[in-house]
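Have a look at the structure below, then the notes.
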Amino acid sequence: MNGVHDMGGMHGMGPVQHEKNEPVFHARWEARVFALNRAVGAWGKWSIDASRHAKELIPPAEYLRIPYYEKFLVGMTELLVKSGLVTRAEVESGKPARGSKKASPPLTADKVPLLVATGVPASRNTPVAPKFRVGQRIRARNINPTGHTRLPRYARAKLGTVERDHGVFVFPDTNAHFLGENPQHVYSVRFAARELWGEQASPQDAVYVNLWDDHLEPA
Amino acid sequence: MDGTRRGFLKATVTAAGAAATPVHAQVRGEDHGYAQQAVPSDPTLRVKSLESLLVEKGLVDRKALDSLIDTYEHKVGPRNGARVVARAWVDSAYKERLLANADAALTELGYGGLQGEHMVAVENSSKVHNLVVCTLCSCYPWPVLGLPPNWYKSAPYRSRSVIDPRGVLREFGLELSADVEVRVWDSTAELRYLVVPERPAGTETLSEEQLAALVTRDSMVGVAKVSASPAGAKS
């Protein structure tokens with residue numbers, strides 16, 4: 001979706017604010033949201049792609065206004081309700097509905113080290129042939145889906161070169177909508193800065209974007 | 001943030017809010033939720049309430065939450081990445097392995113896992129400067145750098161790094177000459193990037209551990225160079 005989350009190339013956001021000796025979390029609630037997000041994710045009811053999309057759906061003014069971990073809180077709450085793990089009424093009251101059964105959490109403390117050490121790989125062993133080869137000139141497709149996509153606006157319809165084939169990965173554009181993993185090749189595509197931004201850009205600079213087969217067409 | 005900037009931001013958000021009404025209405029119409037009552041004021045209270053609900057329902061385990069927080073507050077952070085960089089500086093064979101297959105090379109040192117399942121290492125030199133961003137969200141290589149700092153997740157960094165990397169670097173105090181090629185890596189997939197900064201001159205006699213102490217988080221994102229004196233280094 002052409003949302004405000006797709007920020008590459010926007011102006012007017014001000015200077016970068018660098019904080020010296022920044023703590024990992026600025027408040028305890030941030031730490032709790034961070035951990036809750038991982039712990040409820042362990043139910044496997046939604047993918048990381050769906051969780052990114054849930055944050056993208058936050059209305060734009062709200063998205064820009066609220067702090068980072070509040071976006072996590074909003075997105076996670078929506079997914080919890082959508083997936084049926086909790087009801088809206090339970091979120092509002094903070095109490096389980098009468099007679100609701102108590103579950104067993106899938107992520108217990110003893111399983112945290114394994115989760116941290118192995119993560120959740122997005123690569124797949126599915127034998128899918130690459131549609132493009134390293135060195136090939138490509139054009140990023142000019143698509144404007146209303147749903148989730150990892151093809152940023154600034155790269156659409158631009159010419160680039162395939163620099164590296166990373167192998168087969170889950171395709172977020174379908175997976176975010178529970179429409180299947182649709183595994184396909186992911187590439188590092190090099191776009192000359194001038195192709196993206198015109199004469200104002202430095203002639204030798206470049207932006208590398210990771211794109212999937214379905215984002216590309218031969219140049 | 002100064003008063004002028006705050007006032008400006010407020011005006012910007014108001015304008016965005018006015019323009020956004022149809023989108024919001026559409027989103028609600030499609031039953032994606034995000035009703036106003038789901039976004040009340042104080043996150044502290046809302047988080048407390050949600051956590052106690054989830055614990056009571058048996059959906060999450062409080063000790064698992066504590067353990068996750070402890071991991072990223074105390075165990076996993078940029079010191080990991082610094083050890084990788086120092087090793088690459090002293091061992092050219094290791095550096096070659098790191099640049100060719102970062103996952104395997106990081107595993108050699110015991111690093112990998114959550115939000116670093118698929119790693120790529122890129123090397124800075126006198127001719128090439130690499131800079132990492134995630135314009136769409138906040139993707140960042142947790143196993144080697146820990147959780148991202150606020151500036152990395154912020155709108156200014158996400159918006160400008162791709163269109164004006166040299167301007168962003170200047171704000172970090174790094175002026176690159178025109179003949180250096182700037183490569184910006186936008187983390188749009190599940191690949192996470194580690195920048196191997198240039199080894200500073202005058203560090204020939206230092207041990208691997210002493211070198212690791214010089215390597216900053218910012219240098220491994222690509223917004224700073226490594227200085228030969230740790231005092232001159234940014235956090």
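As shown in the structure tokens, the chain order sets the letters A, B, ...; within each chain, residues go from 1, and ligands are also counted from 1 in the order they appear.
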Distance filter 7 Å, only C-alpha atoms, chain B against chain A, as a VMD selection string: chain B and resid 13 16 to 17 20 24 33 to 34 43 to 44 47 49 to 50 52 to 53 56 to 61 63 to 65 67 to 69 73 112 to 115 117 135 to 137 147 151 155 to 160 162 to 163 181 to 190 235
Residue neighbourhood Tyr140 in chain B, 10 Å, only C-alpha atoms, exclusion window fewer than 3 positions, as a PyMOL selection string: chain B and resi 115-116+132-134+137+143-149+152-153+187+190-194+221
I need the residues from that last selection saved to file as a short mmCIF file (atom, residue, chain, number, x, y, z; two decimals), in the first residue's frame (with N, CA and C atoms), if you can.
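Once everything was written out, this is out-v6.cif:
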```cif
data_model
loop_
_atom_site.label_atom_id
_atom_site.label_comp_id
_atom_site.auth_asym_id
_atom_site.auth_seq_id
_atom_site.Cartn_x
_atom_site.Cartn_y
_atom_site.Cartn_z
N GLN B 115 16.11 -12.29 13.81
CA GLN B 115 16.34 -11.05 13.05
C GLN B 115 17.78 -10.91 12.57
N GLY B 116 18.38 -12.10 12.34
CA GLY B 116 19.70 -12.13 11.72
C GLY B 116 19.85 -13.51 11.10
N VAL B 132 23.37 1.41 5.89
CA VAL B 132 22.22 0.50 5.98
C VAL B 132 21.00 1.25 6.51
N VAL B 133 19.85 0.95 5.91
CA VAL B 133 18.60 1.58 6.33
C VAL B 133 17.48 0.56 6.13
N CYS B 134 16.33 0.82 6.74
CA CYS B 134 15.11 0.09 6.40
C CYS B 134 14.04 1.17 6.20
N CYS B 137 10.29 -0.14 7.41
CA CYS B 137 9.97 -0.41 8.83
C CYS B 137 11.22 -0.18 9.67
N PRO B 143 21.30 -10.05 16.02
CA PRO B 143 22.32 -10.89 16.66
C PRO B 143 23.69 -10.19 16.77
N VAL B 144 23.98 -9.29 15.87
CA VAL B 144 25.29 -8.63 15.92
C VAL B 144 25.23 -7.20 16.47
N LEU B 145 24.08 -6.54 16.38
CA LEU B 145 24.00 -5.15 16.85
C LEU B 145 22.97 -4.93 17.95
N GLY B 146 22.20 -5.94 18.30
CA GLY B 146 21.14 -5.74 19.30
C GLY B 146 19.94 -5.05 18.67
N LEU B 147 19.10 -4.45 19.50
CA LEU B 147 17.92 -3.77 18.98
C LEU B 147 18.31 -2.38 18.46
N PRO B 148 17.60 -1.90 17.45
CA PRO B 148 18.01 -0.63 16.83
C PRO B 148 17.78 0.59 17.71
N PRO B 149 18.67 1.60 17.59
CA PRO B 149 18.46 2.86 18.31
C PRO B 149 17.29 3.63 17.68
N TYR B 152 17.57 5.21 14.11
CA TYR B 152 17.50 4.29 12.97
C TYR B 152 16.04 4.02 12.57
N LYS B 153 15.15 4.04 13.57
CA LYS B 153 13.73 3.74 13.34
C LYS B 153 12.94 4.99 13.00
N SER B 187 16.92 -2.47 3.62
CA SER B 187 16.61 -3.82 4.11
C SER B 187 15.14 -4.18 3.87
N GLU B 190 14.23 -10.25 4.26
CA GLU B 190 14.70 -10.77 5.55
C GLU B 190 16.22 -10.88 5.59
N LEU B 191 16.90 -10.15 4.73
CA LEU B 191 18.36 -10.10 4.77
C LEU B 191 18.76 -8.92 5.64
N ARG B 192 19.73 -9.15 6.51
CA ARG B 192 20.17 -8.10 7.42
C ARG B 192 21.65 -7.81 7.15
N TYR B 193 22.00 -6.54 7.24
CA TYR B 193 23.33 -6.11 6.81
C TYR B 193 24.23 -5.71 7.98
N LEU B 194 25.49 -6.11 7.85
CA LEU B 194 26.53 -5.68 8.77
C LEU B 194 27.60 -4.97 7.95
N VAL B 221 26.64 0.32 11.18
CA VAL B 221 25.44 0.67 10.40
C VAL B 221 25.89 1.50 9.20
#
```
Report the residues of range 43-136 of chain B whose backbone DSSP state falls under alpha helix (DSSP H), written as a compact mmCIF listing (two decimals) with N, CA and C atoms, in the first residue's frame.
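Saved the output as selection_4.txt:
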```
# COMPACT_ATOMS: atom_id res chain seq x y z
N PRO B 43 0.20 4.56 27.07
CA PRO B 43 0.63 3.20 26.72
C PRO B 43 0.99 2.36 27.95
N THR B 44 1.49 3.00 29.01
CA THR B 44 1.88 2.22 30.20
C THR B 44 0.70 1.40 30.73
N LEU B 45 -0.45 2.08 30.86
CA LEU B 45 -1.63 1.41 31.39
C LEU B 45 -2.16 0.37 30.41
N ARG B 46 -2.16 0.72 29.14
CA ARG B 46 -2.68 -0.22 28.14
C ARG B 46 -1.84 -1.48 28.08
N VAL B 47 -0.52 -1.32 28.16
CA VAL B 47 0.36 -2.48 28.09
C VAL B 47 0.18 -3.35 29.32
N LYS B 48 0.07 -2.71 30.48
CA LYS B 48 -0.13 -3.44 31.74
C LYS B 48 -1.41 -4.28 31.65
N SER B 49 -2.45 -3.63 31.16
CA SER B 49 -3.75 -4.29 31.06
C SER B 49 -3.69 -5.45 30.06
N LEU B 50 -3.05 -5.23 28.92
CA LEU B 50 -2.95 -6.29 27.90
C LEU B 50 -2.11 -7.45 28.42
N GLU B 51 -0.99 -7.12 29.08
CA GLU B 51 -0.13 -8.19 29.59
C GLU B 51 -0.88 -9.05 30.61
N SER B 52 -1.60 -8.40 31.52
CA SER B 52 -2.28 -9.20 32.54
C SER B 52 -3.39 -10.04 31.91
N LEU B 53 -4.05 -9.51 30.88
CA LEU B 53 -5.06 -10.30 30.16
C LEU B 53 -4.41 -11.54 29.52
N LEU B 54 -3.30 -11.32 28.83
CA LEU B 54 -2.66 -12.42 28.11
C LEU B 54 -2.10 -13.47 29.07
N VAL B 55 -1.60 -13.01 30.21
CA VAL B 55 -1.08 -13.96 31.21
C VAL B 55 -2.25 -14.76 31.81
N GLU B 56 -3.32 -14.05 32.15
CA GLU B 56 -4.48 -14.73 32.75
C GLU B 56 -5.10 -15.74 31.80
N ARG B 62 4.97 -15.01 31.77
CA ARG B 62 5.68 -13.81 32.22
C ARG B 62 7.19 -14.02 32.28
N LYS B 63 7.61 -15.19 32.67
CA LYS B 63 9.06 -15.45 32.77
C LYS B 63 9.72 -15.42 31.39
N ALA B 64 8.95 -15.83 30.36
CA ALA B 64 9.48 -15.76 28.99
C ALA B 64 9.67 -14.30 28.58
N LEU B 65 8.72 -13.46 28.98
CA LEU B 65 8.85 -12.02 28.67
C LEU B 65 10.10 -11.46 29.33
N ASP B 66 10.28 -11.77 30.63
CA ASP B 66 11.46 -11.27 31.36
C ASP B 66 12.75 -11.74 30.69
N SER B 67 12.74 -12.99 30.24
CA SER B 67 13.94 -13.55 29.64
C SER B 67 14.25 -12.88 28.29
N LEU B 68 13.21 -12.60 27.50
CA LEU B 68 13.42 -11.90 26.22
C LEU B 68 14.02 -10.51 26.46
N ILE B 69 13.46 -9.81 27.44
CA ILE B 69 13.95 -8.46 27.73
C ILE B 69 15.39 -8.51 28.22
N ASP B 70 15.67 -9.43 29.12
CA ASP B 70 17.02 -9.56 29.66
C ASP B 70 18.02 -9.87 28.53
N PRO B 78 25.83 -4.57 20.31
CA PRO B 78 26.86 -4.26 19.31
C PRO B 78 28.26 -4.79 19.64
N ARG B 79 28.47 -5.23 20.87
CA ARG B 79 29.79 -5.83 21.17
C ARG B 79 29.98 -7.09 20.33
N ASN B 80 28.88 -7.79 20.03
CA ASN B 80 28.98 -8.98 19.17
C ASN B 80 29.53 -8.60 17.80
N GLY B 81 28.91 -7.60 17.19
CA GLY B 81 29.35 -7.16 15.87
C GLY B 81 30.79 -6.67 15.90
N ALA B 82 31.15 -5.98 16.98
CA ALA B 82 32.51 -5.46 17.09
C ALA B 82 33.54 -6.58 17.09
N ARG B 83 33.20 -7.71 17.73
CA ARG B 83 34.11 -8.86 17.73
C ARG B 83 34.26 -9.42 16.32
N VAL B 84 33.16 -9.42 15.58
CA VAL B 84 33.20 -9.93 14.20
C VAL B 84 34.11 -9.04 13.34
N VAL B 85 33.94 -7.72 13.49
CA VAL B 85 34.73 -6.78 12.69
C VAL B 85 36.21 -6.91 13.04
N ALA B 86 36.51 -6.98 14.34
CA ALA B 86 37.91 -7.09 14.76
C ALA B 86 38.54 -8.37 14.19
N ARG B 87 37.76 -9.46 14.20
CA ARG B 87 38.28 -10.70 13.64
C ARG B 87 38.56 -10.54 12.15
N ALA B 88 37.64 -9.88 11.46
CA ALA B 88 37.83 -9.67 10.02
C ALA B 88 39.06 -8.81 9.74
N TRP B 89 39.35 -7.86 10.63
CA TRP B 89 40.52 -7.00 10.44
C TRP B 89 41.84 -7.76 10.61
N VAL B 90 41.84 -8.69 11.57
CA VAL B 90 43.13 -9.36 11.84
C VAL B 90 43.30 -10.65 11.03
N SER B 92 42.46 -12.14 7.38
CA SER B 92 41.91 -11.83 6.06
C SER B 92 41.12 -13.00 5.48
N ALA B 93 41.50 -14.23 5.87
CA ALA B 93 40.73 -15.39 5.39
C ALA B 93 39.32 -15.35 5.99
N TYR B 94 39.25 -14.97 7.27
CA TYR B 94 37.93 -14.85 7.90
C TYR B 94 37.11 -13.76 7.21
N LYS B 95 37.75 -12.65 6.91
CA LYS B 95 37.04 -11.56 6.23
C LYS B 95 36.48 -12.03 4.89
N GLU B 96 37.26 -12.79 4.16
CA GLU B 96 36.77 -13.31 2.87
C GLU B 96 35.55 -14.19 3.06
N ARG B 97 35.60 -15.05 4.09
CA ARG B 97 34.45 -15.93 4.35
C ARG B 97 33.23 -15.09 4.76
N LEU B 98 33.48 -14.06 5.56
CA LEU B 98 32.39 -13.20 6.04
C LEU B 98 31.69 -12.49 4.87
N LEU B 99 32.49 -11.99 3.93
CA LEU B 99 31.91 -11.26 2.80
C LEU B 99 31.23 -12.21 1.81
N ALA B 100 31.74 -13.45 1.73
CA ALA B 100 31.16 -14.40 0.76
C ALA B 100 29.93 -15.09 1.32
N ALA B 102 28.10 -14.67 4.95
CA ALA B 102 28.09 -14.09 6.30
C ALA B 102 27.48 -15.04 7.33
N ASP B 103 26.42 -15.76 6.95
CA ASP B 103 25.78 -16.66 7.92
C ASP B 103 26.78 -17.66 8.50
N ALA B 104 27.53 -18.31 7.60
CA ALA B 104 28.49 -19.32 8.05
C ALA B 104 29.61 -18.69 8.87
N ALA B 105 30.09 -17.54 8.43
CA ALA B 105 31.20 -16.89 9.14
C ALA B 105 30.76 -16.41 10.52
N LEU B 106 29.52 -15.94 10.64
CA LEU B 106 29.03 -15.49 11.95
C LEU B 106 28.81 -16.68 12.87
N THR B 107 28.36 -17.78 12.30
CA THR B 107 28.16 -19.00 13.11
C THR B 107 29.49 -19.45 13.72
N GLU B 108 30.59 -19.27 12.97
CA GLU B 108 31.92 -19.63 13.51
C GLU B 108 32.17 -18.94 14.84
```
Expected answer as an mmCIF file with C-alpha atoms, in the first residue's frame: strand (DSSP E) residues in range 8-226 of chain B:
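Once written, part-v7.cif looks like this:
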```cif
data_model
loop_
_atom_site.group_PDB
_atom_site.id
_atom_site.type_symbol
_atom_site.label_atom_id
_atom_site.label_comp_id
_atom_site.auth_asym_id
_atom_site.auth_seq_id
_atom_site.Cartn_x
_atom_site.Cartn_y
_atom_site.Cartn_z
ATOM 1 C CA HIS B 118 20.023 -14.276 6.769
ATOM 2 C CA MET B 119 23.030 -11.975 6.997
ATOM 3 C CA VAL B 120 25.065 -10.042 4.442
ATOM 4 C CA ALA B 121 28.351 -8.307 5.269
ATOM 5 C CA VAL B 122 29.509 -5.339 3.189
ATOM 6 C CA GLU B 123 32.968 -3.797 3.407
ATOM 7 C CA VAL B 128 33.289 2.617 -1.159
ATOM 8 C CA HIS B 129 31.127 3.597 1.804
ATOM 9 C CA ASN B 130 28.153 1.420 2.777
ATOM 10 C CA LEU B 131 25.120 2.648 4.712
ATOM 11 C CA VAL B 132 22.223 0.501 5.984
ATOM 12 C CA VAL B 133 18.596 1.580 6.335
ATOM 13 C CA GLU B 181 30.957 5.669 -3.942
ATOM 14 C CA VAL B 182 28.097 5.561 -1.441
ATOM 15 C CA ARG B 183 26.108 2.332 -1.424
ATOM 16 C CA VAL B 184 22.866 2.439 0.515
ATOM 17 C CA TRP B 185 21.343 -0.921 1.480
ATOM 18 C CA ASP B 186 17.586 -0.808 1.978
ATOM 19 C CA LEU B 191 18.359 -10.103 4.773
ATOM 20 C CA ARG B 192 20.171 -8.101 7.423
ATOM 21 C CA TYR B 193 23.327 -6.107 6.807
ATOM 22 C CA LEU B 194 26.532 -5.677 8.775
ATOM 23 C CA VAL B 195 28.962 -3.003 7.604
ATOM 24 C CA VAL B 196 32.621 -3.898 8.065
#
```
